[in-house]
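K.L.:
Next up is a structure, given as structure tokens.
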Amino acid sequence: MIDVNGIRLHIAEQGEGPLVVLLHGFPESWHSWRHQFGPLAEAGFRVVAPDQRGYGRSDHPEDVEAYSILHLVGDVVGLVHALGEERAFVVGHDWGAPVAWHTALLRPDVVRGVAGLSVPPPFRGGQPPLKTMRERFEGRFYWNYFEQPGVAEAEFTSDTRTTLRKLLYSASGDAPGAGRPEQALVDPERGWLADAPDPEVLPGWLTEEDLDALTDSYARGFTGALNWYRNLDRNWELTAPWQGAVVSPPALYVYGDRDLVPAFPGTPELIEKLPELMPGLRRKPLVLPGCGHWTQQERPAEVNEALLDFLTQLRD
């Protein structure tokens with residue numbers, strides 16, 4: 001447990017050397033990086049993965065506004081300094097990717113290199129994202145389902161383990177129909193999980209023990225995690241000074257071809273242009289065939305290889 005930015009964060013740590021901070025997404029925990037600790041530590045890096053605010057054993061502030069992107073970037077910067085370092089490599093997946101990208105955008109002096117999995121670098125749109133999705137999908141996009149206080153919490157906590165099993169499987173590359181260009185829409189009357197597939201046998205990348213560990217990390221519920229989504233429009237307002245700014249530190253972007261996130265409206269076009277939009281991108285976006293949303297869990301060998309190549313080039 002480490003005091004950071006006015007809260008306490010739970011971290012997992014392994015290795016010695018240049019600091020690499022691994023940032024998880026939703027609905028995950030530090031444990032989603034279990035396959036990266038050993039290889040990165042053996043390669044001479046100090047690997048630290050926090051439970052981010054609102055998750056696991058870390059603090060869960062009650063105020064919804066305590067989960068803005070500025071708070072989350074502040075946590076990363078504070079963590080780097082609390083660990084006795086001035087700079088670090090920052091890697092994020094899912095929601096952890098926007099935190100990593102924004103840390104590099106807002107504090108390039110702290111970031112030696114940045115990697116994002118699933119979610120591409122931020123390019124601020126013309127209007128607030130929750131408003132955009134509400135208008136485009138008549139309020140059925142999952143972000144808008146999540147922004148209603150207490151609604152998703154009630155559905156998800158009715159059976160936490162089943163919720164997590166369904167969420168992980170349905171967004172993976174193993175789910176039926178994975179990779180089809182469909183948006184994540186929710187029937188507000190039936191909820192998110194009503195039509196989510198529930199596997200009889202877990203996919204090979206997820207064990208019962210992994211699911212147990214993840215379930216334990218949600219003993220305090222989902223509100224803290226969902227509050228991240230409830231700040232999406234506020235984040236858009238707060239980042240107005242960086243309109244048109246580009247992530248400048250060396251960067252890596254990796255995603256699966258069966259991940260729905262890179263198929264969000266406007267995202268395929270953004271990914272296509274990334275090499276010309278981001279001068280710090282060290283290679284073209286790396287696409288992992290057959291991989292769904294849980295990039296580092298579904299394809300640990302390929303992700304580790306890409307990360308090690310990226311990190312060692314910058315270290316050496």
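Chains: A, B, ... in order of the structure tokens. Residues: from 1 per chain. Ligands: from 1, in order shown.
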Hey, what's within 6 Å of region 241-254 of chain A if we count only C-alpha atoms and toss same-chain stuff fewer than 4 positions away? As an MDAnalysis selection string, please?
P.N.:
chainID A and resid 105 113:117 280:282 285:286
K.L.:
Residues at most 6 Å from region 47-60 of chain A, counting only C-alpha atoms, excluding those fewer than 4 positions away in the same chain, as an NGL selection string?
P.N.:
:A and (8-14 or 20-22 or 29-30 or 217 or 224-225)
K.L.:
Write the residues you've just listed into a file as a PDB file, in the first residue's frame, and include N, CA and C atoms for each of them.
P.N.:
ATOM      1  N   ARG A   8      -4.673   6.029  -1.023  1.00  0.00           N
ATOM      2  CA  ARG A   8      -3.769   4.891  -0.890  1.00  0.00           C
ATOM      3  C   ARG A   8      -4.026   3.915  -2.030  1.00  0.00           C
ATOM      4  N   LEU A   9      -2.939   3.526  -2.692  1.00  0.00           N
ATOM      5  CA  LEU A   9      -3.024   2.565  -3.786  1.00  0.00           C
ATOM      6  C   LEU A   9      -2.366   1.257  -3.382  1.00  0.00           C
ATOM      7  N   HIS A  10      -3.024   0.160  -3.746  1.00  0.00           N
ATOM      8  CA  HIS A  10      -2.419  -1.174  -3.609  1.00  0.00           C
ATOM      9  C   HIS A  10      -1.644  -1.468  -4.880  1.00  0.00           C
ATOM     10  N   ILE A  11      -0.403  -1.925  -4.715  1.00  0.00           N
ATOM     11  CA  ILE A  11       0.413  -2.254  -5.888  1.00  0.00           C
ATOM     12  C   ILE A  11       0.963  -3.672  -5.776  1.00  0.00           C
ATOM     13  N   ALA A  12       1.244  -4.250  -6.924  1.00  0.00           N
ATOM     14  CA  ALA A  12       2.052  -5.465  -7.029  1.00  0.00           C
ATOM     15  C   ALA A  12       3.361  -5.063  -7.695  1.00  0.00           C
ATOM     16  N   GLU A  13       4.462  -5.696  -7.287  1.00  0.00           N
ATOM     17  CA  GLU A  13       5.780  -5.249  -7.751  1.00  0.00           C
ATOM     18  C   GLU A  13       6.719  -6.434  -7.915  1.00  0.00           C
ATOM     19  N   GLN A  14       7.573  -6.366  -8.945  1.00  0.00           N
ATOM     20  CA  GLN A  14       8.595  -7.388  -9.145  1.00  0.00           C
ATOM     21  C   GLN A  14       9.747  -6.797  -9.952  1.00  0.00           C
ATOM     22  N   VAL A  20       8.617   0.335 -14.883  1.00  0.00           N
ATOM     23  CA  VAL A  20       7.516   0.152 -15.840  1.00  0.00           C
ATOM     24  C   VAL A  20       6.227   0.077 -15.031  1.00  0.00           C
ATOM     25  N   VAL A  21       5.306   1.001 -15.289  1.00  0.00           N
ATOM     26  CA  VAL A  21       4.018   1.027 -14.599  1.00  0.00           C
ATOM     27  C   VAL A  21       2.953   0.451 -15.534  1.00  0.00           C
ATOM     28  N   LEU A  22       2.251  -0.578 -15.053  1.00  0.00           N
ATOM     29  CA  LEU A  22       1.225  -1.266 -15.836  1.00  0.00           C
ATOM     30  C   LEU A  22      -0.148  -0.895 -15.294  1.00  0.00           C
ATOM     31  N   SER A  29      -8.122  -5.805 -12.671  1.00  0.00           N
ATOM     32  CA  SER A  29      -7.339  -5.436 -11.500  1.00  0.00           C
ATOM     33  C   SER A  29      -5.876  -5.561 -11.905  1.00  0.00           C
ATOM     34  N   TRP A  30      -4.981  -5.329 -10.961  1.00  0.00           N
ATOM     35  CA  TRP A  30      -3.551  -5.503 -11.256  1.00  0.00           C
ATOM     36  C   TRP A  30      -3.277  -6.893 -11.811  1.00  0.00           C
ATOM     37  N   SER A 217     -11.473  -9.164  -5.937  1.00  0.00           N
ATOM     38  CA  SER A 217     -11.099  -7.754  -6.034  1.00  0.00           C
ATOM     39  C   SER A 217     -12.319  -6.841  -6.164  1.00  0.00           C
ATOM     40  N   GLY A 224     -16.893   2.472  -7.863  1.00  0.00           N
ATOM     41  CA  GLY A 224     -15.672   3.209  -8.149  1.00  0.00           C
ATOM     42  C   GLY A 224     -15.251   3.062  -9.603  1.00  0.00           C
ATOM     43  N   ALA A 225     -15.291   1.841 -10.113  1.00  0.00           N
ATOM     44  CA  ALA A 225     -14.898   1.593 -11.496  1.00  0.00           C
ATOM     45  C   ALA A 225     -15.839   2.283 -12.476  1.00  0.00           C
TER      46      ALA A 225
END
K.L.:
Find the residues around Leu19 (chain A) up to 10 Å (only C-alpha atoms counted), leave out those fewer than 5 positions away in its own chain, and share them as a VMD selection string.
P.N.:
chain A and resid 41 44 to 48 80 83 to 90 112
K.L.:
Please return, as a ChimeraX atom specification, all residues of region 26-208 of chain A that DSSP assigns to alpha helix (DSSP H) on the basis of the backbone.
P.N.:
/A:34-42,69-82,96-106,129-137,142-146,151-157,160-170,208
K.L.:
Which residue is closest to Lys166 (chain A)? Choose from A:Pro61, A:Pro27, A:Gly17, A:Pro289 and count only C-alpha atoms.
P.N.:
A:Pro27
K.L.:
Give me, as a PDB file with N, CA and C atoms, in the first residue's frame, the residues of region 114-213 of chain A that a backbone DSSP run labels strand (DSSP E or B).
P.N.:
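Saved the output as states.pdb:
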ATOM      1  N   VAL A 114       5.511   5.210 -23.840  1.00  0.00           N
ATOM      2  CA  VAL A 114       4.135   4.875 -23.502  1.00  0.00           C
ATOM      3  C   VAL A 114       3.605   3.831 -24.479  1.00  0.00           C
ATOM      4  N   ALA A 115       2.902   2.847 -23.934  1.00  0.00           N
ATOM      5  CA  ALA A 115       2.278   1.813 -24.769  1.00  0.00           C
ATOM      6  C   ALA A 115       0.816   1.687 -24.375  1.00  0.00           C
ATOM      7  N   GLY A 116      -0.041   1.570 -25.372  1.00  0.00           N
ATOM      8  CA  GLY A 116      -1.467   1.379 -25.141  1.00  0.00           C
ATOM      9  C   GLY A 116      -1.944   0.115 -25.817  1.00  0.00           C
ATOM     10  N   LEU A 117      -2.753  -0.668 -25.091  1.00  0.00           N
ATOM     11  CA  LEU A 117      -3.336  -1.891 -25.626  1.00  0.00           C
ATOM     12  C   LEU A 117      -4.840  -1.690 -25.754  1.00  0.00           C
ATOM     13  N   PHE A 141     -25.852   2.879 -25.978  1.00  0.00           N
ATOM     14  CA  PHE A 141     -24.442   2.519 -25.898  1.00  0.00           C
ATOM     15  C   PHE A 141     -24.079   2.267 -24.447  1.00  0.00           C
ATOM     16  N   LEU A 185     -24.190  -2.320 -27.482  1.00  0.00           N
ATOM     17  CA  LEU A 185     -25.443  -1.676 -27.118  1.00  0.00           C
ATOM     18  C   LEU A 185     -26.155  -2.477 -26.037  1.00  0.00           C
ATOM     19  N   ASP A 187     -29.873  -3.066 -23.915  1.00  0.00           N
ATOM     20  CA  ASP A 187     -31.305  -2.852 -23.758  1.00  0.00           C
ATOM     21  C   ASP A 187     -31.531  -2.378 -22.323  1.00  0.00           C
ATOM     22  N   GLY A 191     -30.884  -4.991 -19.401  1.00  0.00           N
ATOM     23  CA  GLY A 191     -29.548  -4.912 -18.840  1.00  0.00           C
ATOM     24  C   GLY A 191     -28.473  -5.421 -19.784  1.00  0.00           C
TER      25      GLY A 191
END
K.L.:
Please provide as an MDAnalysis selection string all residues within 10 Å of Glu155 (chain A), with the sequence filter that same-chain residues fewer than 5 positions apart are discarded (counting only C-alpha atoms).
P.N.:
chainID A and resid 150 160 163 190:194
K.L.:
Identify which of the residues A:Glu28, A:Asp3, A:Glu42, A:Asp210 lies closest to Asn304 (chain A), counting only C-alpha atoms when measuring atom-to-atom distances.
P.N.:
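Checking each of A:Glu28, A:Asp3, A:Glu42, A:Asp210 against Asn304 (chain A), counting only C-alpha atoms, the winner is A:Glu42.
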K.L.:
With distances taken over only C-alpha atoms, which of A:His81, A:His31, A:Arg107, A:Arg180 is nearest to Leu211 (chain A)?
P.N.:
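For Leu211 (chain A), the nearest of the candidates is A:His31.
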K.L.:
CA of Phe37 (chain A) and CA of Ser172 (chain A) are how many Å apart?
P.N.:
21.8 Å
K.L.:
So, with only C-alpha atoms as the atoms that count, which of A:Lys284, A:His102, A:His24, A:Arg230 lies closest to Glu147 (chain A)?
P.N.:
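Smallest separation from Glu147 (chain A) among the options: A:Arg230.
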K.L.:
If we count only C-alpha atoms, what is near region 196-205 of chain A at a cut-off of 12 Å, once residues fewer than 5 positions away on the same chain are taken out, given as a PDB file with C-alpha atoms, in the first residue's frame?
P.N.:
ATOM      1  CA  SER A  32      -4.607  -8.759 -15.497  1.00  0.00           C
ATOM      2  CA  ARG A  34       0.107 -11.548 -14.321  1.00  0.00           C
ATOM      3  CA  HIS A  35       1.781 -12.787 -17.526  1.00  0.00           C
ATOM      4  CA  ARG A 161     -18.511 -13.950 -10.367  1.00  0.00           C
ATOM      5  CA  THR A 162     -21.043 -14.648 -13.124  1.00  0.00           C
ATOM      6  CA  THR A 163     -20.939 -10.993 -14.156  1.00  0.00           C
ATOM      7  CA  LEU A 164     -17.170 -11.044 -14.544  1.00  0.00           C
ATOM      8  CA  ARG A 165     -17.187 -14.401 -16.331  1.00  0.00           C
ATOM      9  CA  LYS A 166     -19.736 -13.135 -18.859  1.00  0.00           C
ATOM     10  CA  LEU A 167     -18.037  -9.774 -19.368  1.00  0.00           C
ATOM     11  CA  LEU A 168     -14.619 -11.296 -19.955  1.00  0.00           C
ATOM     12  CA  TYR A 169     -15.830 -14.074 -22.230  1.00  0.00           C
ATOM     13  CA  SER A 170     -18.219 -11.962 -24.308  1.00  0.00           C
ATOM     14  CA  ALA A 171     -15.498  -9.410 -25.182  1.00  0.00           C
ATOM     15  CA  SER A 172     -12.826 -12.026 -25.905  1.00  0.00           C
ATOM     16  CA  GLY A 173     -11.727 -13.406 -29.234  1.00  0.00           C
ATOM     17  CA  ASP A 174     -13.238 -16.761 -28.242  1.00  0.00           C
ATOM     18  CA  ALA A 175     -16.840 -15.575 -27.987  1.00  0.00           C
ATOM     19  CA  PRO A 176     -19.379 -16.491 -30.676  1.00  0.00           C
ATOM     20  CA  GLY A 177     -19.321 -13.871 -33.407  1.00  0.00           C
ATOM     21  CA  ALA A 178     -16.199 -12.171 -32.045  1.00  0.00           C
ATOM     22  CA  ALA A 184     -21.780  -2.628 -27.535  1.00  0.00           C
ATOM     23  CA  LEU A 185     -25.443  -1.676 -27.118  1.00  0.00           C
ATOM     24  CA  VAL A 186     -27.544  -2.376 -24.022  1.00  0.00           C
ATOM     25  CA  ASP A 187     -31.305  -2.852 -23.758  1.00  0.00           C
ATOM     26  CA  ARG A 190     -33.046  -6.065 -19.807  1.00  0.00           C
ATOM     27  CA  GLY A 191     -29.548  -4.912 -18.840  1.00  0.00           C
ATOM     28  CA  ASP A 210      -7.888 -16.143 -12.193  1.00  0.00           C
ATOM     29  CA  LEU A 211     -11.639 -15.633 -12.015  1.00  0.00           C
ATOM     30  CA  CYS A 291      -7.352 -11.605 -30.267  1.00  0.00           C
ATOM     31  CA  GLY A 292     -10.307  -9.961 -28.579  1.00  0.00           C
ATOM     32  CA  TRP A 294      -8.223  -8.686 -23.233  1.00  0.00           C
ATOM     33  CA  THR A 295      -4.992  -8.173 -25.139  1.00  0.00           C
ATOM     34  CA  GLN A 296      -2.270  -9.020 -22.612  1.00  0.00           C
ATOM     35  CA  GLN A 297      -4.281 -11.916 -21.166  1.00  0.00           C
ATOM     36  CA  GLU A 298      -5.346 -13.493 -24.461  1.00  0.00           C
ATOM     37  CA  ARG A 299      -1.998 -13.079 -26.243  1.00  0.00           C
ATOM     38  CA  PRO A 300       0.668 -12.777 -23.523  1.00  0.00           C
ATOM     39  CA  ALA A 301       3.552 -14.087 -25.632  1.00  0.00           C
TER      40      ALA A 301
END
K.L.:
Taking into account only C-alpha atoms, which residue in the set A:Phe146, A:Tyr229, A:Trp33, A:Phe137 is nearest to Phe264 (chain A)?
P.N.:
A:Phe137
K.L.:
By how many Å are CA of Lys273 (chain A) and CA of Pro129 (chain A) apart?
P.N.:
20.5 Å
K.L.:
Could you check how far CA of Val261 (chain A) sits from CA of His293 (chain A), in Å to one decimal?
P.N.:
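CA of His293 (chain A) lies at a distance of 7.4 Å from CA of Val261 (chain A).
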